[in-house]
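So this block is query-v7.cif, mmCIF, C-alpha atoms:
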data_upload
loop_
_atom_site.label_atom_id
_atom_site.label_comp_id
_atom_site.auth_asym_id
_atom_site.auth_seq_id
_atom_site.Cartn_x
_atom_site.Cartn_y
_atom_site.Cartn_z
CA CYS A 1 126.58 117.06 133.53
CA MET A 2 124.84 119.08 130.89
CA ILE A 3 123.64 117.26 127.77
CA THR A 4 124.76 118.96 124.57
CA GLN A 5 123.68 118.36 120.99
CA ASP A 6 127.24 117.18 120.24
CA MET A 7 126.59 114.29 122.61
CA PHE A 8 123.49 113.38 120.63
CA ALA A 9 125.30 113.41 117.29
CA SER A 10 128.21 111.29 118.50
CA PHE A 11 125.79 108.88 120.21
CA ILE A 12 123.80 108.54 116.98
CA SER A 13 126.96 107.93 114.90
CA LYS A 14 128.27 105.33 117.31
CA THR A 15 124.94 103.52 117.65
CA LEU A 16 124.34 103.42 113.88
CA ALA A 17 127.87 102.08 113.31
CA GLN A 18 127.12 99.20 115.71
CA THR A 19 123.71 98.39 114.20
CA SER A 20 125.11 98.62 110.66
CA GLN A 21 127.56 95.85 111.50
CA LEU A 22 124.72 93.75 112.89
CA ALA A 23 122.66 94.30 109.72
CA ARG A 24 125.59 93.49 107.40
CA ASP A 25 126.33 90.29 109.33
CA GLN A 26 122.75 89.06 108.84
CA PHE A 27 122.05 90.48 105.38
CA GLY A 28 121.16 87.71 102.92
CA LYS A 29 120.77 85.15 105.74
CA VAL A 30 117.31 86.01 107.10
CA SER A 31 113.76 85.74 105.84
CA GLY A 32 110.82 87.95 106.70
CA SER A 33 107.26 87.31 107.78
CA THR A 34 104.31 89.59 107.01
CA LYS A 35 102.79 91.41 109.98
CA ALA A 36 99.21 90.37 110.76
CA GLY A 37 96.68 92.52 108.96
CA ASP A 38 99.10 94.48 106.74
CA ASN A 39 100.61 92.87 103.67
CA ASN A 40 102.95 95.87 103.19
CA GLN A 41 104.66 95.37 106.57
CA VAL A 42 107.42 92.78 106.82
CA LEU A 43 109.32 91.80 109.99
CA THR A 44 112.61 89.93 110.41
CA GLN A 45 114.53 88.75 113.47
CA THR A 46 117.12 91.43 112.63
CA ASP A 47 114.53 94.22 113.08
CA LEU A 48 113.95 92.97 116.62
CA GLU A 49 117.67 92.59 117.40
CA ILE A 50 118.58 96.04 116.09
CA GLY A 51 115.61 97.60 117.89
CA LYS A 52 116.69 95.97 121.16
CA ALA A 53 120.30 97.11 120.69
CA ILE A 54 119.24 100.73 120.06
CA ILE A 55 116.83 100.79 123.00
CA ALA A 56 119.54 99.36 125.27
CA ALA A 57 122.01 102.02 124.05
CA ILE A 58 119.49 104.84 124.64
CA GLN A 59 118.60 103.52 128.09
CA ALA A 60 122.28 103.28 129.04
CA GLU A 61 123.14 106.81 127.83
CA PHE A 62 119.86 108.73 128.26
CA PRO A 63 117.81 106.69 130.76
CA ASP A 64 115.23 109.44 131.32
CA HIS A 65 114.27 109.87 127.67
CA ASN A 66 111.11 108.56 125.98
CA ILE A 67 111.38 106.10 123.09
CA ILE A 68 109.11 105.24 120.17
CA ASP A 69 110.33 102.11 118.38
CA GLU A 70 108.57 100.54 115.39
CA GLU A 71 108.64 97.07 116.93
CA ALA A 72 108.76 97.72 120.71
CA GLY A 73 106.17 100.50 120.77
CA VAL A 74 106.14 103.48 123.15
CA ILE A 75 108.25 103.87 126.29
CA ASP A 76 106.94 106.92 128.17
CA ASN A 77 109.31 108.33 130.79
CA GLY A 78 107.62 111.73 130.96
CA SER A 79 110.62 113.39 129.30
CA GLN A 80 110.73 116.38 126.96
CA PHE A 81 113.07 114.25 124.78
CA THR A 82 111.75 111.40 122.62
CA TRP A 83 113.91 109.06 120.53
CA VAL A 84 112.15 107.75 117.43
CA VAL A 85 113.56 104.49 116.07
CA ASP A 86 113.09 102.50 112.86
CA PRO A 87 115.39 99.47 113.28
CA ILE A 88 115.22 98.52 109.59
CA ASP A 89 113.62 100.82 107.08
CA GLY A 90 113.15 98.81 103.90
CA THR A 91 112.65 95.47 105.66
CA SER A 92 111.15 93.89 102.52
CA ASN A 93 114.33 94.82 100.65
CA PHE A 94 116.53 93.50 103.48
CA ALA A 95 114.59 90.22 103.71
CA ASN A 96 114.91 89.67 99.95
CA GLY A 97 118.67 90.30 99.81
CA ILE A 98 118.28 93.78 98.26
CA PRO A 99 120.85 96.25 99.66
CA THR A 100 118.55 99.32 99.83
CA TYR A 101 117.68 99.26 103.53
CA GLY A 102 118.94 101.02 106.65
CA THR A 103 118.28 102.24 110.17
CA MET A 104 116.76 105.57 111.25
CA LEU A 105 117.32 107.18 114.65
CA GLY A 106 115.83 110.60 115.41
CA LEU A 107 115.45 112.77 118.49
CA LEU A 108 112.62 115.17 119.31
CA ASP A 109 112.91 117.96 121.88
CA GLY A 110 109.21 118.47 122.57
CA ASP A 111 107.84 118.43 119.03
CA THR A 112 111.02 119.59 117.26
CA PRO A 113 113.56 117.26 115.60
CA VAL A 114 116.97 118.29 117.04
CA ALA A 115 119.24 115.43 115.95
CA GLY A 116 118.99 112.43 113.69
CA GLY A 117 120.84 109.85 111.68
CA LEU A 118 120.36 107.32 108.91
CA SER A 119 122.53 104.35 108.04
CA LEU A 120 122.89 102.53 104.72
CA PRO A 121 124.80 99.46 105.97
CA SER A 122 125.38 97.81 102.57
CA PHE A 123 126.92 101.07 101.29
CA GLU A 124 128.84 101.75 104.53
CA GLU A 125 127.29 105.21 104.80
CA ILE A 126 126.06 106.95 107.95
CA TYR A 127 124.31 110.33 107.68
CA VAL A 128 124.08 112.44 110.85
CA ALA A 129 122.56 115.86 111.47
CA GLU A 130 122.12 118.24 114.39
CA LYS A 131 119.94 121.32 114.44
CA GLY A 132 121.89 124.29 113.09
CA LYS A 133 125.03 122.27 112.29
CA GLY A 134 124.38 120.74 108.88
CA THR A 135 124.35 117.13 107.71
CA GLN A 136 127.39 114.90 107.28
CA CYS A 137 127.86 111.57 105.54
CA ASN A 138 130.75 109.65 107.13
CA GLY A 139 132.00 112.96 108.55
CA ILE A 140 131.87 114.90 105.27
CA PRO A 141 129.25 117.68 104.80
CA VAL A 142 126.54 116.89 102.25
CA HIS A 143 123.91 119.09 100.60
CA VAL A 144 120.80 118.65 98.49
CA THR A 145 121.14 119.31 94.77
CA ALA A 146 121.65 122.84 93.44
CA GLU A 147 119.65 121.89 90.32
CA GLU A 148 116.55 124.11 90.12
CA LYS A 149 114.75 122.44 87.20
CA LEU A 150 112.57 119.52 88.27
CA LEU A 151 112.53 118.12 84.73
CA SER A 152 116.30 117.53 85.05
CA CYS A 153 116.02 115.53 88.30
CA LEU A 154 115.57 111.94 89.40
CA VAL A 155 112.85 111.81 92.07
CA ALA A 156 112.05 108.96 94.47
CA TYR A 157 108.46 108.02 95.27
CA GLY A 158 107.57 105.17 97.63
CA ILE A 159 104.12 103.65 97.19
CA ASP A 160 102.33 100.92 99.12
CA GLY A 161 99.32 99.10 97.69
CA HIS A 162 96.03 99.46 99.59
CA GLN A 163 94.21 96.16 99.09
CA GLU A 164 91.64 97.33 101.66
CA ASN A 165 90.88 100.40 99.52
CA PRO A 166 91.88 99.88 95.87
CA THR A 167 90.45 103.27 94.84
CA GLN A 168 93.05 104.97 97.04
CA THR A 169 95.86 103.32 95.08
CA VAL A 170 94.27 104.16 91.71
CA GLU A 171 93.92 107.82 92.76
CA GLU A 172 97.46 107.92 94.09
CA THR A 173 98.87 106.63 90.80
CA GLN A 174 97.06 109.41 88.93
CA THR A 175 98.89 112.00 91.06
CA LEU A 176 102.10 110.01 90.60
CA ALA A 177 101.62 110.14 86.80
CA ARG A 178 101.62 113.97 86.93
CA ILE A 179 104.84 113.87 88.97
CA ILE A 180 106.52 111.41 86.57
CA LEU A 181 105.67 113.68 83.62
CA GLY A 182 107.35 116.60 85.42
CA ILE A 183 110.66 114.92 86.34
CA ARG A 184 113.53 113.28 84.46
CA ASN A 185 112.86 109.80 85.83
CA LEU A 186 111.31 107.98 88.78
CA ARG A 187 113.23 105.94 91.34
CA SER A 188 111.69 103.81 94.09
CA SER A 189 113.49 101.71 96.68
CA ASN A 190 110.72 102.75 99.11
CA SER A 191 113.36 102.98 101.84
CA VAL A 192 115.89 105.16 103.62
CA PHE A 193 118.22 104.65 100.62
CA ASP A 194 116.11 107.20 98.72
CA ILE A 195 116.67 109.72 101.54
CA GLY A 196 120.44 109.20 101.42
CA MET A 197 120.37 109.86 97.67
CA LEU A 198 118.32 113.04 98.25
CA VAL A 199 120.60 114.55 100.91
CA LYS A 200 123.79 113.95 98.89
CA GLY A 201 122.21 115.58 95.83
CA SER A 202 121.79 112.49 93.61
CA TYR A 203 117.98 112.72 93.70
CA GLY A 204 116.02 115.97 93.56
CA GLY A 205 113.14 114.85 95.80
CA ALA A 206 111.54 112.02 97.78
CA LEU A 207 107.83 111.52 98.44
CA ASN A 208 105.61 109.01 100.24
CA ARG A 209 101.95 108.94 101.29
CA THR A 210 102.07 105.89 103.57
CA SER A 211 104.56 106.15 106.45
CA LYS A 212 104.79 106.37 110.23
CA ILE A 213 106.42 108.76 112.71
CA TRP A 214 109.61 106.63 112.81
CA ASP A 215 109.96 107.06 109.03
CA ASN A 216 109.94 110.84 109.43
CA VAL A 217 111.73 112.33 112.45
CA ALA A 218 115.31 111.28 111.63
CA GLN A 219 115.01 111.94 107.92
CA GLN A 220 113.38 115.34 108.43
CA ILE A 221 116.34 116.84 110.29
CA VAL A 222 118.88 115.10 108.04
CA ILE A 223 117.13 116.57 104.97
CA GLU A 224 116.55 120.05 106.43
CA GLU A 225 120.12 120.36 107.68
CA ALA A 226 121.30 119.39 104.17
CA GLY A 227 119.34 122.39 102.83
CA GLY A 228 116.15 120.55 101.86
CA MET A 229 112.53 121.38 102.55
CA TYR A 230 110.36 118.83 104.40
CA THR A 231 106.57 118.96 104.57
CA SER A 232 103.55 116.68 104.37
CA PHE A 233 102.74 115.39 100.86
CA GLU A 234 100.29 118.28 100.50
CA GLY A 235 102.88 120.85 101.64
CA ALA A 236 101.79 121.35 105.27
CA LYS A 237 104.19 121.82 108.18
CA ARG A 238 105.07 118.57 109.95
CA ASP A 239 103.31 118.19 113.33
CA TYR A 240 104.93 116.09 116.07
CA THR A 241 103.08 117.57 119.07
CA GLN A 242 102.55 114.90 121.76
CA PRO A 243 104.62 112.41 119.72
CA LEU A 244 103.93 109.47 122.05
CA THR A 245 100.26 109.58 120.95
CA LYS A 246 101.19 109.44 117.25
CA ALA A 247 102.69 105.95 116.87
CA ASP A 248 99.63 104.70 114.94
CA LEU A 249 99.08 107.76 112.74
CA ASN A 250 99.74 107.76 109.01
CA PHE A 251 102.30 110.36 107.93
CA THR A 252 102.94 111.60 104.40
CA TYR A 253 105.94 113.56 103.17
CA CYS A 254 107.28 115.64 100.32
CA ALA A 255 111.01 116.39 100.62
CA ALA A 256 113.19 118.23 98.12
CA ALA A 257 115.55 121.13 97.54
CA PRO A 258 113.39 124.28 98.06
CA ALA A 259 113.02 125.26 94.37
CA LEU A 260 112.15 121.67 93.45
CA HIS A 261 109.76 121.32 96.39
CA ALA A 262 107.70 124.24 95.05
CA GLN A 263 107.53 122.60 91.60
CA LEU A 264 106.50 119.22 93.11
CA GLN A 265 103.77 120.96 95.10
CA SER A 266 102.37 122.61 92.01
CA LEU A 267 102.23 119.21 90.26
CA ILE A 268 100.53 117.62 93.30
CA HIS A 269 97.90 120.37 93.50
CA LYS A 270 97.40 120.78 89.75
CA GLU A 271 93.81 120.07 88.75
CA GLN A 272 93.71 117.14 86.38
CA SER A 273 93.00 118.36 82.89
#

Just dump the structure as structure tokens.
Amino acid sequence: CMITQDMFASFISKTLAQTSQLARDQFGKVSGSTKAGDNNQVLTQTDLEIGKAIIAAIQAEFPDHNIIDEEAGVIDNGSQFTWVVDPIDGTSNFANGIPTYGTMLGLLDGDTPVAGGLSLPSFEEIYVAEKGKGTQCNGIPVHVTAEEKLLSCLVAYGIDGHQENPTQTVEETQTLARIILGIRNLRSSNSVFDIGMLVKGSYGGALNRTSKIWDNVAQQIVIEEAGGMYTSFEGAKRDYTQPLTKADLNFTYCAAAPALHAQLQSLIHKEQS
């Protein structure tokens, strides 16, 4: 039988509903350990369980498809389709009993995001998007803000410290200072929660300079289908060519309603006075 995008969207909704229940059941009852060599990366048993559940669901429904999972790595089946999975985005929050965490599940056709979803289990929200069909939260269409003045908007910015290169963090905070001076106020859960707030219009933008492919694919289509613009931090088009080779690459992003995106870019590129 022919696979349609509708099948992808309903699969994503169903899978995220199941993993949300798993996350809620374990929320507040698990502790995290830091991954070797990276103090910013935390892992819990729940990450592994959710990752396994999603991989099992994909393999049952779409056995030929490739998978990139944050914890399991790359499963190459030679397919044009690649599922990109972040079992828990915001693991540090989750492990510390903070409700701003969720799951991200995106699908690439070649190098193009064609379907994706995000869950915010503690808020009982599931966002799902398909190419050309808009974004819905719990079945209701959502859209980025219509506000066109960046100074009137809350903006989310996730930042990780770089102990291995302190200068990088110092330089990043200088750029961040310019952004803070151009917005109403800064927000930072450094998780998928910020993306949910962007696509429903509560935040004007969301930015990050330290992320991976599984932090990007699902949220890109969810944001774009909600009317947002999604680029690298510097404003370049997102490149997912040969995605299976990109599991270790650093990705940056700048996401916002189009008018606000342009204003964020001018702040990012503004020469420091």

- Message: Could you list, as a VMD selection string, every residue matched by the PyMOL selection byres ((chain A and resi 105-114) around 10) in this structure?
- Response: chain A and resid 5 8 to 9 12 to 13 15 to 16 54 65 to 69 79 to 87 103 to 104 115 to 119 128 to 132 213 to 222 238 to 243

Just-selected residues, C-alpha atoms written as an mmCIF file, keeping the file's coordinate frame:
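The resulting file, selection.cif, is shown below:
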data_model
loop_
_atom_site.group_PDB
_atom_site.id
_atom_site.type_symbol
_atom_site.label_atom_id
_atom_site.label_comp_id
_atom_site.auth_asym_id
_atom_site.auth_seq_id
_atom_site.Cartn_x
_atom_site.Cartn_y
_atom_site.Cartn_z
ATOM 1 C CA GLN A 5 123.680 118.360 120.990
ATOM 2 C CA PHE A 8 123.490 113.380 120.630
ATOM 3 C CA ALA A 9 125.300 113.410 117.290
ATOM 4 C CA ILE A 12 123.800 108.540 116.980
ATOM 5 C CA SER A 13 126.960 107.930 114.900
ATOM 6 C CA THR A 15 124.940 103.520 117.650
ATOM 7 C CA LEU A 16 124.340 103.420 113.880
ATOM 8 C CA ILE A 54 119.240 100.730 120.060
ATOM 9 C CA HIS A 65 114.270 109.870 127.670
ATOM 10 C CA ASN A 66 111.110 108.560 125.980
ATOM 11 C CA ILE A 67 111.380 106.100 123.090
ATOM 12 C CA ILE A 68 109.110 105.240 120.170
ATOM 13 C CA ASP A 69 110.330 102.110 118.380
ATOM 14 C CA SER A 79 110.620 113.390 129.300
ATOM 15 C CA GLN A 80 110.730 116.380 126.960
ATOM 16 C CA PHE A 81 113.070 114.250 124.780
ATOM 17 C CA THR A 82 111.750 111.400 122.620
ATOM 18 C CA TRP A 83 113.910 109.060 120.530
ATOM 19 C CA VAL A 84 112.150 107.750 117.430
ATOM 20 C CA VAL A 85 113.560 104.490 116.070
ATOM 21 C CA ASP A 86 113.090 102.500 112.860
ATOM 22 C CA PRO A 87 115.390 99.470 113.280
ATOM 23 C CA THR A 103 118.280 102.240 110.170
ATOM 24 C CA MET A 104 116.760 105.570 111.250
ATOM 25 C CA ALA A 115 119.240 115.430 115.950
ATOM 26 C CA GLY A 116 118.990 112.430 113.690
ATOM 27 C CA GLY A 117 120.840 109.850 111.680
ATOM 28 C CA LEU A 118 120.360 107.320 108.910
ATOM 29 C CA SER A 119 122.530 104.350 108.040
ATOM 30 C CA VAL A 128 124.080 112.440 110.850
ATOM 31 C CA ALA A 129 122.560 115.860 111.470
ATOM 32 C CA GLU A 130 122.120 118.240 114.390
ATOM 33 C CA LYS A 131 119.940 121.320 114.440
ATOM 34 C CA GLY A 132 121.890 124.290 113.090
ATOM 35 C CA ILE A 213 106.420 108.760 112.710
ATOM 36 C CA TRP A 214 109.610 106.630 112.810
ATOM 37 C CA ASP A 215 109.960 107.060 109.030
ATOM 38 C CA ASN A 216 109.940 110.840 109.430
ATOM 39 C CA VAL A 217 111.730 112.330 112.450
ATOM 40 C CA ALA A 218 115.310 111.280 111.630
ATOM 41 C CA GLN A 219 115.010 111.940 107.920
ATOM 42 C CA GLN A 220 113.380 115.340 108.430
ATOM 43 C CA ILE A 221 116.340 116.840 110.290
ATOM 44 C CA VAL A 222 118.880 115.100 108.040
ATOM 45 C CA ARG A 238 105.070 118.570 109.950
ATOM 46 C CA ASP A 239 103.310 118.190 113.330
ATOM 47 C CA TYR A 240 104.930 116.090 116.070
ATOM 48 C CA THR A 241 103.080 117.570 119.070
ATOM 49 C CA GLN A 242 102.550 114.900 121.760
ATOM 50 C CA PRO A 243 104.620 112.410 119.720
#

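Counting from CA of Val155 (chain A), the distance to CA of Glu224 (chain A) is 17.0 Å.
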
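Those DNA, RNA and protein residues that approach the point (116.9, 86.1, 107.0) to within 12 Å, considering only C-alpha atoms, are Ala23, Arg24, Asp25, Gln26, Phe27, Gly28, Lys29, Val30, Ser31, Gly32, Ser33, Val42, Leu43, Thr44, Gln45, Thr46, Asp47, Thr91, Ser92, Asn93, Phe94, Ala95, Asn96, Gly97 and Ile98 of chain A.
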
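With distances restricted to all atoms listed in the file, A:Arg209 is the closest residue to Leu249 (chain A) from A:Ile179, A:Gly90, A:Arg209, A:Leu150.
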
- For CA of Val192 (chain A) and CA of Val142 (chain A), determine how far apart the two atoms are, in Å to one decimal place.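 Interatomic distance here is 15.9 Å.
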
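Going from CA of Glu164 (chain A) over to CA of Tyr230 (chain A), you cover 28.6 Å.
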
- Item | Residues matched by the PyMOL selection byres ((chain A and resi 153) around 10), written as a ChimeraX atom specification | /A:145,147-152,154-156,182-186,201-205,260
